[in-house]
Amino acid sequence: MELYVALKVIWAVLLGVLLSGLAIMVGMDMGVGALLRFVGRNDGERRTALAMIGPHWDGNQVWFILGGGAIFAAFPTLYATSFSTFYVVMILLLFSMIMRPVAFEYRSKVDASRWRESWDWVFLISGAVPMIIFGAAFGNVIQGVGFHFGWDAQYYQDESFIWYLLNPFALLCGVLSLAMAVHQGGAMLMIRGEGPIAERARRFAIGGGLLAAALFMIGGVWVQFIKGFAFTQTVDPGMPATPLGGPAVVMRTGAWMDNFHMYPLLWLFPALGVLGMIAGPLALMARKPILAWWLGAIAWIGIIFTAGGAMFPFLMPSTTNPAESLTVWNASGSAYNLGWMLVFAVIFVPAILIYTSWAFRVMRGKVKTETVVGNDHSY
Amino acid sequence: MTEIVKIIALAGVLTLGLLLAVVAGDYAPWYFAWLVGTTMIILISVSGAVLLETQEAAGNASREK
Amino acid sequence: MINPTVVDLSRLQFALTALYHFQFVPLTLGLTFLLAAMETVYVITGKQIYKDMTLFWGKLFGINFAIGVATGLTMEFEFGTNWSMYSHFVGDVFGTPLAIEGLMAFFMESTFVGLMFFGWDRLSKPAHLVVTYLVALGSNLSALWILIANGFMQDPVGAKFDPTTMRMQFKSFGALVFSADAQAKFVHTTVAGFVCGSMFVMGISAFYLLRRQHRDFALRSFRMAALFGVIASLAVITLGDASGRLDDLLQPSKLAAMEGLWHTTTPPAAPWTLFAIPNDKAQKNLYPIGIPYVLTPLVAHDFTSAIPGVFALERDAKPKIVNGMKAIVALKAYGATHDPAALAEFRKHENDMGYGFLAQRFAPDQDLSKVTPSNLPTILDRAARETIPNVFVEFWAFRLMVALGVAFLIVFAFGAYYSLKNELEKHPWVLKAAMYAIPLPVLTTLFGWITAENGRQPWTVFGWLPTFISASSHSVGYMVFSLVGFALLYSAFIAAELYLLFKYARLGPGYHGATVRPVESAARPAFGQPGYAADKPWQ
């Protein structure tokens with residue numbers, strides 16, 4: 001049983017790591033996509049901007065797929081329930097995400113301004129919309145979602161999806177994540193870009209970083225007044241993973257601060273987040289984009305682990321039937337499954353980090369407009 | 001000394017290969033067939049191209065005569 | 001209450017998105033290894049034309065790959081968005097290969113594909129070759145883990161249902177990975193991908209040869225693709241036969257539907273039905289034409305084994321349905337009360353529980369506790385009939401797949417033979433056949449998908465979880481919204497994809513080489529530019 005608890009906790013942390021990877025790598029590309037129309041005033045500049053992430057967007061996007069796969073395997077009930085209850089939002093997310101690979105490959109293959117202009121809009125949509133949805137989904141999860149389970153552990157939705165789209169806290173989280181993406185994307189455009197592209201990107205990135213810092217702090221205050229969730233009975237973390245017949249849970253204003261009161265060390269994460277989001281723009285002002293990018297990455301880790309730390313062990317609480325809230329304890333895979341997955345994660349996550357950084361090293365350096373436009377193979 | 005290290009390394013690789021082959025034979029015959037077969041398909045395709053170069057060189061030579 | 005319309009729409013959406021995705025995947029599986037083979041020749045011989053081949057076919061590969069990646073995103077999330085009960089029920093074992101696919105294969109493929117396209121000037125020749133091989137290996141390893149997951153749906157080994165967690169629990173990693181079904185499917189599918197890739201390259205090369213364009217380029221591409229394809233075709237057929245044998249053992253309902261067998265066969269004279277129009281309503285074949293003495297050795301590889309027909313399978317299913325209903329009623333009671341007696345009752349019938357789920361649909365109010373002796377016979381009949389997949393679809397999808405597969409072998413064989421003799425241009429019919437066959441292998445793999453997945457019905461997990469209860473509890477409105485969106489987006493994609501593929505195939509390799517490689521083109525003229533042909537007598 002002890003081993004099972006350890007595995008559950010490890011996978012909850014790994015989930016945070018994967019989501020951080022997703023936010024950092026995909027967020028950067030989304031930021032570049034969202035900024036494309038604004039940093040590139042003509043076709044050559046836009047192609048230059050695309051060429052900066054051209055060799056990497058595909059690999060980065062796998063963080064998104066891996067996130068989905070890891071939730072499926074490590075927290076099957078969470079995967080089944082969250083994606084279904086957020087159906088309309090998830091489908092919108094998919095629609096905007098699947099336009100992006102096509103946009104990369106097709107945009108510059110036809111030399112007609114209407115064709116390219118249309119795909120540039122696609123980049124804007126497929127960059128901005130997913131980030132807002134990611135953030136908003138987290139915002140909703142923090143507030144709880146209305147669902148309950150049938151006897152066979154099938155979920156039933158208790159609320160209309162409209163509610164998810166139109167709620168201010170979720171929108172705040174959505175804009176926060178878009179602002180972070182703009183910061184990271186802008187930093188990347190400065191790292192690999194020159195001249196007017198880098199200058200324009202710098203303005204957007206500084207604004208994005210500062211806006212993110214402000215929203216994060218507002219959100220932090222706001223959470224004090226949101227109803228959080230807490231167990232009112234003792235919980236056996238090693239329990240078999242089923243959402244049915246779980247211990248009682250109460251909704252209480254400010255309950256999301258309980259973990260911070262109990263483990264003050266958790267304040268490290270919001271501190272890291274604020275530090276990264278303020279120091280990042282400062283580094284950009286000092287024209288140190290690489291430093292700013294890393295600070296932004298640290299900020300992402302801070303943001304995600306702040307949310308996770310506040311909610312732990314809750315993953316997706318239910319407002320209509322709090323006792324059936326999904327937690328790290330009741331929504332995880334079996335010990336056998338988590339063990340095998342851990343074996344693969346221990347081998348392949350470091351391998352991924354190594355060859356991804358190798359790929360970035362191989363392709364390093366400034367991207368020049370002349371080479372991009374002169375090369376019919378580039379995006 | 002380096003020779004001995006090389007021989008030991010080679011022996012290690014061979015043993016590993018043999019072990020893999022034995023295990024594959026018991027549990028994963030089709031996976032094993034895929035590995036061997038795909039390698040073979042690529043090699044045959046490659047040698048087809050190399051053969052074409054030889055044929056062309058021979059054709060050019062006989063035309064020049 | 002489960003809404004049958006929602007289930008049907010969910011099935012429609014999954015089939016459409018999966019089939020759409022699967023148009024692009026096989027081409028990726030095959031083209032990557034063909035690209036690697038071409039680049040290998042470039043590295044061995046140092047001849048520029050092989051690099052031009054790699055670049056040109058690589059460009060067409062890229063156009064295709066983008067949509068494959070985009071539509072693959074849908075697949076990874078659609079289990080969760082539309083099949084919540086399925087995801088909960090098998091996520092513990094089915095999610096694992098999907099996660100490993102991301103960790104081990106897709107990450108590798110996607111990271112290195114960027115270097116493959118953009119790293120030519122930044123990597124040494126051997127390093128770039130290794131990158132290309134890693135892309136090919138990555139895409140095929142992706143297929144491996146996806147098909148291991150699919151293998152579990154076809155033959156659920158390595159997991160056991162647990163009444164406490166109400167789901168299948170992962171028990172044996174080895175059993176899952178080395179499942180016979182997964183192994184045969186993996187080889188069959190990837191090698192079918194090789195056939196798609198080779199036919200694509202061979203057909204477009206034939207097009208150039210027929211138009212007397214890019215002759216040296218096309219002859220070389222044709223030779224490599226034809227040899228690649230002829231062996232791959234043979235392997236596809238071998239593995240298809242192996243899969244059929246497995247269905248005989250593991251999924252008799254699929255086999256009976258594939259062969260249109262309503263009655264159990266009488267070996268050895270049982271005929272193999274060449275043509276028939278199976279009628280699912282009347283449960284018989286119209287206008288059958290059969291070849292006697294072929295079926296038994298073809299399927300069972302002997303002359304004595306009888307192959308069970310639909311009626312026998314339906315009869316055999318009935319006792320399982322009765323037991324299964326008891327299992328589900330006991331399971332529900334155990335879930336509510338944790339009563340050990342209910343658990344004991346469940347344990348007695350647990351292996352048939354899937355059949356109980358299957359009958360749930362036909363019970364009054366979809367509630368098995370409302371089954372009475374008076375309505376039991378109707379429920380039994382309807383549930384038993386439900387255990388057989390649609391025979392018409394299965395029969396014809398299978399036959400079209402096999403017929404096309406054999407036809408490809410013939411085209412590849414002639415293509416390879418005349419290519420090896422350097423007589424291709426004397427036999428334009430081979431070139432024409434190859435050209436017109438370009439889209440057919442992809443179509444054939446779609447028939448293969450239908451054979452495998454329609455034949456699995458009515459189950460999502462064979463014998464354990466029916467499709468009917470696997471879907472999410474959505475409203476019809478949700479489903480209409482997503483279906484319309486997918487239809488619009490995917491239609492736009494395919495239009496753009498075909499436009500670009502035709503555009504670049506027509507333009508040919510010359511156009512491609514003209515502007516690429518700014519560094520090298522300064523030193524020597526690029527392929528297709530003035531001066532390039534000067535040192536190449538064959539231009």
# chains A, B, ... in the order shown; residues from 1 in each chain; ligands from 1
call {"tool": "closest_atom_pairs", "arguments": {"of": "segment 88-167 of chain A", "to": "segment 180-191 of chain A", "cutoff": "10 Å", "atoms": "only C-alpha atoms", "output": "tab-separated table"}}
result
residue	atom	partner	partner_atom	distance
A:Gly127	CA	A:Ala181	CA	8.7
A:Ala128	CA	A:Ala181	CA	8.5
A:Met131	CA	A:Ala181	CA	7.4
A:Ile132	CA	A:Ala181	CA	9.9
call {"tool": "write_last_selection", "arguments": {"atoms": "N, CA and C atoms", "output": "PDB file, in the first residue's frame"}}
result
ATOM      1  N   GLY A 127      -2.900  30.101 -32.222  1.00  0.00           N
ATOM      2  CA  GLY A 127      -1.964  30.422 -31.158  1.00  0.00           C
ATOM      3  C   GLY A 127      -2.697  30.941 -29.934  1.00  0.00           C
ATOM      4  N   ALA A 128      -3.638  31.854 -30.162  1.00  0.00           N
ATOM      5  CA  ALA A 128      -4.284  32.522 -29.023  1.00  0.00           C
ATOM      6  C   ALA A 128      -5.375  31.656 -28.402  1.00  0.00           C
ATOM      7  N   MET A 131      -4.352  28.713 -25.966  1.00  0.00           N
ATOM      8  CA  MET A 131      -3.794  29.164 -24.685  1.00  0.00           C
ATOM      9  C   MET A 131      -4.903  29.649 -23.761  1.00  0.00           C
ATOM     10  N   ILE A 132      -5.865  30.404 -24.326  1.00  0.00           N
ATOM     11  CA  ILE A 132      -6.979  30.875 -23.498  1.00  0.00           C
ATOM     12  C   ILE A 132      -7.772  29.679 -22.962  1.00  0.00           C
TER      13      ILE A 132
END
call {"tool": "residues_around", "arguments": {"residues": "segment 332-349 of chain C", "least_positions_apart": "5", "cutoff": "8 Å", "atoms": "only C-alpha atoms", "output": "ChimeraX atom specification"}}
result
/A:151-152 /C:163-164,323-324,326-327
call {"tool": "select_by_dssp", "arguments": {"residues": "segment 103-334 of chain C", "states": "strand (DSSP E)", "output": "PyMOL selection string"}}
result
chain C and resi 159-162+167-170+272-279+284-291
call {"tool": "residues_around", "arguments": {"residues": "Leu51 of chain B", "least_positions_apart": "4", "cutoff": "12 Å", "atoms": "only C-alpha atoms", "output": "list in words"}}
result
Leu43, Ile44, Ser45, Val46, Ser47, Gln55, Glu56, Ala57 and Ala58 of chain B; Val41, Thr45, Arg220, Arg223, Met224, Leu227, Ser419, Leu420, Lys421 and Asn422 of chain C
call {"tool": "closest_residue", "arguments": {"among": "C:Tyr355, C:Phe311, C:Phe61, C:Phe14", "to": "Leu368 of chain C", "atoms": "only C-alpha atoms"}}
result
C:Tyr355
call {"tool": "residues_around", "arguments": {"residues": "Pro55 of chain A", "least_positions_apart": "5", "cutoff": "10 Å", "atoms": "only C-alpha atoms", "output": "ChimeraX atom specification"}}
result
/A:50,60,359-360,363,378-379 /C:110-119
call {"tool": "write_last_selection", "arguments": {"atoms": "N, CA, C and O atoms", "output": "mmCIF file, in the first residue's frame"}}
result
data_model
loop_
_atom_site.group_PDB
_atom_site.id
_atom_site.type_symbol
_atom_site.label_atom_id
_atom_site.label_comp_id
_atom_site.auth_asym_id
_atom_site.auth_seq_id
_atom_site.Cartn_x
_atom_site.Cartn_y
_atom_site.Cartn_z
ATOM 1 N N LEU A 50 8.455 32.502 -38.632
ATOM 2 C CA LEU A 50 8.070 31.082 -38.615
ATOM 3 C C LEU A 50 9.301 30.184 -38.648
ATOM 4 O O LEU A 50 9.327 29.129 -38.015
ATOM 5 N N ASN A 60 7.893 20.072 -30.213
ATOM 6 C CA ASN A 60 7.289 20.718 -29.048
ATOM 7 C C ASN A 60 5.843 20.277 -28.844
ATOM 8 O O ASN A 60 5.376 20.098 -27.732
ATOM 9 N N ALA A 359 18.759 19.142 -30.634
ATOM 10 C CA ALA A 359 18.135 19.682 -31.842
ATOM 11 C C ALA A 359 18.175 21.208 -31.826
ATOM 12 O O ALA A 359 18.466 21.840 -32.841
ATOM 13 N N PHE A 360 17.922 21.801 -30.658
ATOM 14 C CA PHE A 360 17.986 23.267 -30.584
ATOM 15 C C PHE A 360 19.418 23.755 -30.809
ATOM 16 O O PHE A 360 19.639 24.790 -31.426
ATOM 17 N N MET A 363 20.316 23.715 -34.525
ATOM 18 C CA MET A 363 19.651 24.745 -35.319
ATOM 19 C C MET A 363 19.859 26.148 -34.749
ATOM 20 O O MET A 363 19.172 27.078 -35.150
ATOM 21 N N SER A 378 11.699 26.405 -46.959
ATOM 22 C CA SER A 378 11.378 26.840 -45.600
ATOM 23 C C SER A 378 9.922 27.266 -45.501
ATOM 24 O O SER A 378 9.268 27.523 -46.503
ATOM 25 N N TYR A 379 9.452 27.345 -44.266
ATOM 26 C CA TYR A 379 8.039 27.641 -44.029
ATOM 27 C C TYR A 379 7.697 29.055 -44.454
ATOM 28 O O TYR A 379 8.494 29.948 -44.336
ATOM 29 N N SER C 110 9.011 13.364 -34.133
ATOM 30 C CA SER C 110 8.688 14.765 -34.375
ATOM 31 C C SER C 110 9.873 15.678 -34.165
ATOM 32 O O SER C 110 10.012 16.689 -34.851
ATOM 33 N N THR C 111 10.723 15.340 -33.197
ATOM 34 C CA THR C 111 11.885 16.184 -32.969
ATOM 35 C C THR C 111 12.855 16.065 -34.145
ATOM 36 O O THR C 111 13.383 17.052 -34.641
ATOM 37 N N PHE C 112 13.062 14.832 -34.610
ATOM 38 C CA PHE C 112 14.054 14.652 -35.664
ATOM 39 C C PHE C 112 13.530 15.018 -37.044
ATOM 40 O O PHE C 112 14.308 15.251 -37.960
ATOM 41 N N VAL C 113 12.187 15.056 -37.203
ATOM 42 C CA VAL C 113 11.679 15.412 -38.522
ATOM 43 C C VAL C 113 12.055 16.861 -38.836
ATOM 44 O O VAL C 113 12.352 17.204 -39.994
ATOM 45 N N GLY C 114 12.115 17.713 -37.809
ATOM 46 C CA GLY C 114 12.545 19.095 -38.028
ATOM 47 C C GLY C 114 13.986 19.144 -38.511
ATOM 48 O O GLY C 114 14.326 19.876 -39.445
ATOM 49 N N LEU C 115 14.847 18.319 -37.885
ATOM 50 C CA LEU C 115 16.253 18.282 -38.302
ATOM 51 C C LEU C 115 16.382 17.671 -39.696
ATOM 52 O O LEU C 115 17.242 18.056 -40.483
ATOM 53 N N MET C 116 15.508 16.707 -39.993
ATOM 54 C CA MET C 116 15.573 16.069 -41.303
ATOM 55 C C MET C 116 15.290 17.098 -42.396
ATOM 56 O O MET C 116 15.968 17.147 -43.410
ATOM 57 N N PHE C 117 14.301 17.952 -42.171
ATOM 58 C CA PHE C 117 13.958 18.948 -43.185
ATOM 59 C C PHE C 117 14.956 20.104 -43.217
ATOM 60 O O PHE C 117 15.302 20.609 -44.273
ATOM 61 N N PHE C 118 15.379 20.552 -42.048
ATOM 62 C CA PHE C 118 16.118 21.811 -41.994
ATOM 63 C C PHE C 118 17.585 21.641 -41.617
ATOM 64 O O PHE C 118 18.304 22.618 -41.506
ATOM 65 N N GLY C 119 18.022 20.413 -41.382
ATOM 66 C CA GLY C 119 19.374 20.235 -40.875
ATOM 67 C C GLY C 119 20.413 19.855 -41.921
ATOM 68 O O GLY C 119 21.544 19.524 -41.573
#
call {"tool": "residues_around", "arguments": {"residues": "Leu18 of chain A", "least_positions_apart": "2", "cutoff": "9 Å", "atoms": "only C-alpha atoms", "output": "list in words"}}
result
Val13, Leu14, Leu15, Gly16, Ser20, Gly21, Leu22, Ala23, Trp63, Phe64, Leu66, Gly67 and Ala70 of chain A
call {"tool": "residues_around", "arguments": {"residues": "segment 182-193 of chain C", "least_positions_apart": "3", "cutoff": "9 Å", "atoms": "only C-alpha atoms", "output": "count of residues only"}}
result
51
call {"tool": "atom_distance", "arguments": {"atom1": "atom CA of Val13 of chain B", "atom2": "atom CA of Gly138 of chain C"}}
result
23.0 Å
call {"tool": "select_by_dssp", "arguments": {"residues": "segment 152-382 of chain C", "states": "helix (DSSP H, G or I)", "output": "ChimeraX atom specification"}}
result
/C:152-154,173-177,180-210,215-250,252-259,295-300,310-337,340-360,364-366,368-370,376-382
call {"tool": "residues_around", "arguments": {"residues": "Phe344 of chain A", "least_positions_apart": "6", "cutoff": "12 Å", "atoms": "only C-alpha atoms", "output": "list in words"}}
result
Ala70, Asn337, Leu338, Pro350, Ala351 and Ile352 of chain A; Thr96, Pro97, Ala99, Ile100, Glu101, Gly102, Leu103, Met104 and Ala105 of chain C
call {"tool": "write_last_selection", "arguments": {"atoms": "all heavy atoms", "output": "tab-separated table (two decimals), in the first residue's frame"}}
result
chain	number	residue	atom	x	y	z
A	70	ALA	N	-0.48	10.69	-21.00
A	70	ALA	CA	-0.09	10.43	-19.61
A	70	ALA	C	-1.30	10.54	-18.68
A	70	ALA	O	-1.45	9.74	-17.75
A	70	ALA	CB	1.01	11.40	-19.17
A	337	ASN	N	0.35	-0.52	-13.17
A	337	ASN	CA	0.41	0.36	-14.33
A	337	ASN	C	1.33	1.55	-14.05
A	337	ASN	O	2.22	1.86	-14.85
A	337	ASN	CB	-1.01	0.82	-14.66
A	337	ASN	CG	-1.05	1.84	-15.76
A	337	ASN	OD1	-0.19	1.85	-16.62
A	337	ASN	ND2	-2.03	2.71	-15.72
A	338	LEU	N	1.11	2.21	-12.90
A	338	LEU	CA	1.93	3.39	-12.58
A	338	LEU	C	3.41	3.00	-12.50
A	338	LEU	O	4.28	3.77	-12.91
A	338	LEU	CB	1.47	4.02	-11.27
A	338	LEU	CG	0.05	4.60	-11.26
A	338	LEU	CD1	-0.26	5.20	-9.91
A	338	LEU	CD2	-0.12	5.63	-12.36
A	350	PRO	N	14.41	11.89	-19.64
A	350	PRO	CA	15.74	12.46	-19.82
A	350	PRO	C	16.22	12.38	-21.27
A	350	PRO	O	16.81	13.33	-21.79
A	350	PRO	CB	16.63	11.61	-18.91
A	350	PRO	CG	15.71	11.00	-17.93
A	350	PRO	CD	14.40	10.83	-18.62
A	351	ALA	N	15.92	11.25	-21.93
A	351	ALA	CA	16.34	11.11	-23.34
A	351	ALA	C	15.71	12.21	-24.18
A	351	ALA	O	16.38	12.83	-25.02
A	351	ALA	CB	15.94	9.73	-23.86
A	352	ILE	N	14.42	12.47	-23.94
A	352	ILE	CA	13.73	13.52	-24.70
A	352	ILE	C	14.40	14.87	-24.47
A	352	ILE	O	14.67	15.62	-25.41
A	352	ILE	CB	12.24	13.58	-24.29
A	352	ILE	CG1	11.51	12.35	-24.81
A	352	ILE	CG2	11.59	14.85	-24.81
A	352	ILE	CD1	10.15	12.13	-24.17
C	96	THR	N	-1.76	3.10	-21.22
C	96	THR	CA	-0.32	2.94	-21.05
C	96	THR	C	0.44	2.90	-22.38
C	96	THR	O	1.39	3.66	-22.57
C	96	THR	CB	-0.04	1.68	-20.22
C	96	THR	OG1	-0.88	1.75	-19.07
C	96	THR	CG2	1.40	1.60	-19.81
C	97	PRO	N	0.05	2.02	-23.33
C	97	PRO	CA	0.77	2.06	-24.62
C	97	PRO	C	0.66	3.41	-25.31
C	97	PRO	O	1.61	3.83	-25.98
C	97	PRO	CB	0.11	0.96	-25.45
C	97	PRO	CG	-1.07	0.49	-24.71
C	97	PRO	CD	-0.91	0.91	-23.29
C	99	ALA	N	0.57	6.36	-23.83
C	99	ALA	CA	1.53	7.24	-23.18
C	99	ALA	C	2.95	6.87	-23.58
C	99	ALA	O	3.78	7.75	-23.87
C	99	ALA	CB	1.36	7.16	-21.67
C	100	ILE	N	3.23	5.57	-23.64
C	100	ILE	CA	4.58	5.14	-24.02
C	100	ILE	C	4.86	5.53	-25.47
C	100	ILE	O	5.97	5.92	-25.83
C	100	ILE	CB	4.74	3.62	-23.81
C	100	ILE	CG1	4.63	3.31	-22.32
C	100	ILE	CG2	6.08	3.14	-24.34
C	100	ILE	CD1	4.64	1.83	-22.01
C	101	GLU	N	3.82	5.47	-26.31
C	101	GLU	CA	3.99	5.90	-27.70
C	101	GLU	C	4.51	7.33	-27.76
C	101	GLU	O	5.43	7.64	-28.51
C	101	GLU	CB	2.64	5.79	-28.43
C	101	GLU	CG	2.72	6.08	-29.90
C	101	GLU	CD	2.21	7.46	-30.26
C	101	GLU	OE1	1.70	8.16	-29.39
C	101	GLU	OE2	2.34	7.83	-31.43
C	102	GLY	N	3.91	8.20	-26.94
C	102	GLY	CA	4.37	9.59	-26.91
C	102	GLY	C	5.80	9.70	-26.43
C	102	GLY	O	6.64	10.33	-27.07
C	103	LEU	N	6.09	9.02	-25.32
C	103	LEU	CA	7.41	9.10	-24.69
C	103	LEU	C	8.51	8.57	-25.60
C	103	LEU	O	9.57	9.16	-25.73
C	103	LEU	CB	7.42	8.26	-23.42
C	103	LEU	CG	6.90	8.89	-22.13
C	103	LEU	CD1	6.80	7.82	-21.07
C	103	LEU	CD2	7.84	9.99	-21.68
C	104	MET	N	8.25	7.43	-26.21
C	104	MET	CA	9.32	6.66	-26.84
C	104	MET	C	9.41	6.95	-28.33
C	104	MET	O	10.50	6.99	-28.89
C	104	MET	CB	9.01	5.19	-26.60
C	104	MET	CG	9.97	4.22	-27.20
C	104	MET	SD	9.41	2.59	-26.69
C	104	MET	CE	10.66	1.60	-27.42
C	105	ALA	N	8.24	7.12	-28.98
C	105	ALA	CA	8.24	7.12	-30.44
C	105	ALA	C	7.92	8.47	-31.04
C	105	ALA	O	8.68	9.02	-31.84
C	105	ALA	CB	7.25	6.07	-30.94
call {"tool": "atom_distance", "arguments": {"atom1": "atom CA of Leu501 of chain C", "atom2": "atom CA of Asn64 of chain C"}}
result
8.2 Å
call {"tool": "atom_distance", "arguments": {"atom1": "atom CA of Gly40 of chain A", "atom2": "atom CA of Tyr499 of chain C"}}
result
27.0 Å
call {"tool": "closest_residue", "arguments": {"among": "C:Ser475, C:Ser142, C:Thr32, C:Ser374", "to": "Ser160 of chain A", "atoms": "only C-alpha atoms"}}
result
C:Ser475
